[in-house]
Amino acid sequence: MSPLGANPADLAAVEAIVRAAGTSFYRGMAVLPPDRRHAMYAIYAFCRIVDDIADEEGTLEEKRAGLAAWRDYVAGLYQGQSHDPVTRVLVAAVAQFGLLREDFLAVIDGMQMDAETVIVAPDHATLDLYCDRVAAAVGRLSVRAFGDSSPAADRVAHALGRALQLTNILRDIKEDADRGRVYLPRELLEEAGVPLSPEGVLTSPDLPKACARLASQAQAYFRTAHAAMDECDRKAMKPARLMGATYAAILTRLEQSGWRDLASRVSLTKMQKIWILLRYGLG
């Protein structure tokens, strides 16, 4: 029987979406058994599709309509309804792993925040809500696909999702600013004396102070996530440990860079990636 009992053509179509994204996610999920791996591919494909609706060219009305359609598709998942390869695989994943409707909807809510608002220096509460929707909600879906739906696993999703998203924010400052967006929290920018605008963020000599403070918060979330992982099923948490180790290493490199050259994207070397995979993915 094929993974999740799904049509092999549907599985291949979903996997192709993940491959085409060109991220390390595809390789990272290789540590999972087939049913769980393909559930994760479908979750990723869902996230990619709704993210594209929010980010790509189009009117606000078109984006709202696209996201509203996906709210209907999510409702259909829980009635066994589907319309394309992604939703057909998700129907099987929902049934097998108990993925929660509210988490899918939270992801869409997060994408709607991006679609409806040009986010510039949100306050801490707004940033935390955004991180919960676009990252921690994905984590809550993921830990169930990994094989752990315990309260401790949800705590992993809560903390690790925030750690990963804050790391992304700290890595993508220039890319976001070039799109007119600033996800760094207003309070930290004000404390450091950084102007609350994309142009001001890119040119302020005080930006590293704000970044260092946010990096400390992200590091604390990584520590909280790892403590919660120790209460979870060890095998189920293998992908979470792998992602956590990868992003924690990126965050460390960002801290070492001191945010002195925002145009240079920080990444890991091939040897660093291999070491992390050997220690957390294959061990």
# chains A, B, ... in the order shown; residues from 1 in each chain; ligands from 1
>>> closest_atom_pairs(of="stretch 146-223 of chain A", to="stretch 102-110 of chain A", cutoff="12 Å", atoms="only C-alpha atoms", output="CSV")
residue,atom,partner,partner_atom,distance
A:Asp154,CA,A:Asp103,CA,11.4
A:Ala157,CA,A:Asp103,CA,11.3
A:His158,CA,A:Asp103,CA,11.9
>>> residues_around(residues="A:Leu189", least_positions_apart="2", cutoff="9 Å", atoms="only C-alpha atoms", output="number ranges by chain")
A: 121, 184-187, 191-196, 201, 206-207, 209-211
>>> write_last_selection(atoms="N, CA and C atoms", output="PDB file, in the first residue's frame")
ATOM      1  N   ALA A 121       7.387  47.310  11.983  1.00  0.00           N
ATOM      2  CA  ALA A 121       7.683  47.459  13.406  1.00  0.00           C
ATOM      3  C   ALA A 121       6.449  47.178  14.274  1.00  0.00           C
ATOM      4  N   LEU A 184      10.884  43.366  12.936  1.00  0.00           N
ATOM      5  CA  LEU A 184      11.511  43.586  14.239  1.00  0.00           C
ATOM      6  C   LEU A 184      10.541  44.343  15.143  1.00  0.00           C
ATOM      7  N   PRO A 185      10.450  43.982  16.408  1.00  0.00           N
ATOM      8  CA  PRO A 185       9.442  44.587  17.284  1.00  0.00           C
ATOM      9  C   PRO A 185       9.733  46.055  17.596  1.00  0.00           C
ATOM     10  N   ARG A 186       8.661  46.819  17.610  1.00  0.00           N
ATOM     11  CA  ARG A 186       8.727  48.264  17.835  1.00  0.00           C
ATOM     12  C   ARG A 186       9.470  48.605  19.123  1.00  0.00           C
ATOM     13  N   GLU A 187       9.185  47.881  20.202  1.00  0.00           N
ATOM     14  CA  GLU A 187       9.781  48.216  21.489  1.00  0.00           C
ATOM     15  C   GLU A 187      11.311  48.140  21.452  1.00  0.00           C
ATOM     16  N   GLU A 191      13.942  51.250  21.862  1.00  0.00           N
ATOM     17  CA  GLU A 191      14.961  51.225  22.918  1.00  0.00           C
ATOM     18  C   GLU A 191      16.365  51.454  22.360  1.00  0.00           C
ATOM     19  N   ALA A 192      16.609  50.940  21.158  1.00  0.00           N
ATOM     20  CA  ALA A 192      17.929  51.076  20.553  1.00  0.00           C
ATOM     21  C   ALA A 192      18.096  52.373  19.776  1.00  0.00           C
ATOM     22  N   GLY A 193      17.018  53.139  19.620  1.00  0.00           N
ATOM     23  CA  GLY A 193      17.090  54.387  18.867  1.00  0.00           C
ATOM     24  C   GLY A 193      17.086  54.197  17.370  1.00  0.00           C
ATOM     25  N   VAL A 194      16.459  53.112  16.903  1.00  0.00           N
ATOM     26  CA  VAL A 194      16.389  52.827  15.470  1.00  0.00           C
ATOM     27  C   VAL A 194      15.080  53.398  14.908  1.00  0.00           C
ATOM     28  N   PRO A 195      15.134  54.156  13.809  1.00  0.00           N
ATOM     29  CA  PRO A 195      13.909  54.689  13.211  1.00  0.00           C
ATOM     30  C   PRO A 195      12.945  53.571  12.813  1.00  0.00           C
ATOM     31  N   LEU A 196      11.658  53.843  12.953  1.00  0.00           N
ATOM     32  CA  LEU A 196      10.630  52.823  12.696  1.00  0.00           C
ATOM     33  C   LEU A 196      10.199  52.860  11.234  1.00  0.00           C
ATOM     34  N   VAL A 201      15.728  51.355   9.334  1.00  0.00           N
ATOM     35  CA  VAL A 201      16.297  50.107   9.832  1.00  0.00           C
ATOM     36  C   VAL A 201      17.566  49.753   9.054  1.00  0.00           C
ATOM     37  N   ASP A 206      22.550  51.730  14.967  1.00  0.00           N
ATOM     38  CA  ASP A 206      22.120  51.125  16.231  1.00  0.00           C
ATOM     39  C   ASP A 206      21.300  49.854  16.036  1.00  0.00           C
ATOM     40  N   LEU A 207      21.074  49.469  14.781  1.00  0.00           N
ATOM     41  CA  LEU A 207      20.271  48.271  14.520  1.00  0.00           C
ATOM     42  C   LEU A 207      20.825  47.031  15.221  1.00  0.00           C
ATOM     43  N   LYS A 209      22.015  46.552  18.044  1.00  0.00           N
ATOM     44  CA  LYS A 209      21.575  46.471  19.440  1.00  0.00           C
ATOM     45  C   LYS A 209      20.193  45.819  19.527  1.00  0.00           C
ATOM     46  N   ALA A 210      19.284  46.274  18.656  1.00  0.00           N
ATOM     47  CA  ALA A 210      17.940  45.704  18.664  1.00  0.00           C
ATOM     48  C   ALA A 210      17.970  44.239  18.238  1.00  0.00           C
ATOM     49  N   CYS A 211      18.784  43.934  17.245  1.00  0.00           N
ATOM     50  CA  CYS A 211      18.877  42.561  16.759  1.00  0.00           C
ATOM     51  C   CYS A 211      19.420  41.632  17.837  1.00  0.00           C
TER      52      CYS A 211
END
>>> closest_residue(among="A:Lys63, A:His38, A:Arg171, A:Arg241", to="A:Arg265", atoms="only C-alpha atoms")
A:Arg171
>>> closest_residue(among="A:Ala54, A:Ala93, A:Ala20, A:Val182", to="A:Ala145", atoms="only C-alpha atoms")
A:Ala93
>>> select_by_dssp(residues="stretch 76-195 of chain A", states="alpha helix (DSSP H)", output="PyMOL selection string")
chain A and resi 76-77+85-97+101-116+124-131+137-146+151-171+173-178+186-192
>>> atom_distance(atom1="atom CA of A:Leu60", atom2="atom CA of A:Val86")
24.4 Å
>>> closest_residue(among="A:Ala227, A:Leu242, A:Cys47, A:Ala75", to="A:Leu32", atoms="only C-alpha atoms")
A:Leu242
>>> atom_distance(atom1="atom CA of A:Glu116", atom2="atom CA of A:Ala69")
16.1 Å
>>> closest_residue(among="A:Ser24, A:Val50, A:Val18, A:Ile173", to="A:Lys270", atoms="only C-alpha atoms")
A:Ser24
>>> residues_around(residues="A:Met1", least_positions_apart="5", cutoff="12 Å", atoms="only C-alpha atoms", output="PDB file with N, CA and C atoms, in the first residue's frame")
ATOM      1  N   ALA A   6      -2.758   6.824  -0.001  1.00  0.00           N
ATOM      2  CA  ALA A   6      -3.107   7.833  -1.004  1.00  0.00           C
ATOM      3  C   ALA A   6      -2.703   7.377  -2.394  1.00  0.00           C
ATOM      4  N   ASN A   7      -3.293   8.024  -3.372  1.00  0.00           N
ATOM      5  CA  ASN A   7      -2.966   7.755  -4.771  1.00  0.00           C
ATOM      6  C   ASN A   7      -1.499   8.131  -5.013  1.00  0.00           C
ATOM      7  N   PRO A   8      -0.696   7.230  -5.572  1.00  0.00           N
ATOM      8  CA  PRO A   8       0.711   7.559  -5.822  1.00  0.00           C
ATOM      9  C   PRO A   8       0.910   8.816  -6.662  1.00  0.00           C
ATOM     10  N   PRO A  34       7.541   6.711   5.806  1.00  0.00           N
ATOM     11  CA  PRO A  34       6.795   7.224   4.647  1.00  0.00           C
ATOM     12  C   PRO A  34       5.465   7.906   4.964  1.00  0.00           C
ATOM     13  N   ASP A  35       4.628   7.310   5.815  1.00  0.00           N
ATOM     14  CA  ASP A  35       3.329   7.929   6.098  1.00  0.00           C
ATOM     15  C   ASP A  35       3.507   9.324   6.687  1.00  0.00           C
TER      16      ASP A  35
END
>>> residues_around(residues="A:Arg260", least_positions_apart="4", cutoff="10 Å", atoms="only C-alpha atoms", output="ChimeraX atom specification")
/A:205,207-208,254,256,264
>>> closest_residue(among="A:Leu170, A:Val143, A:Leu67, A:Met243", to="A:Ser257", atoms="only C-alpha atoms")
A:Leu170
>>> residues_around(residues="stretch 12-15 of chain A", least_positions_apart="5", cutoff="12 Å", atoms="only C-alpha atoms", output="ChimeraX atom specification")
/A:2-3,6-7,20-22,25-27,29-30,34,37-49,84-90
>>> closest_residue(among="A:Lys174, A:Ala225, A:Ala215, A:Arg253", to="A:Gly200", atoms="only C-alpha atoms")
A:Lys174
>>> residues_around(residues="A:Val118", least_positions_apart="6", cutoff="10 Å", atoms="only C-alpha atoms", output="NGL selection string")
:A and (179-183)
>>> residues_around(residues="A:Val94", least_positions_apart="5", cutoff="8 Å", atoms="only C-alpha atoms", output="NGL selection string")
:A and (77-78 or 99-100)
>>> write_last_selection(atoms="C-alpha atoms", output="PDB file, in the first residue's frame")
ATOM      1  CA  LEU A  77     -10.900  18.086   4.921  1.00  0.00           C
ATOM      2  CA  TYR A  78     -12.893  17.175   8.026  1.00  0.00           C
ATOM      3  CA  LEU A  99      -4.318  17.174  12.632  1.00  0.00           C
ATOM      4  CA  LEU A 100      -6.443  19.993  14.067  1.00  0.00           C
TER       5      LEU A 100
END
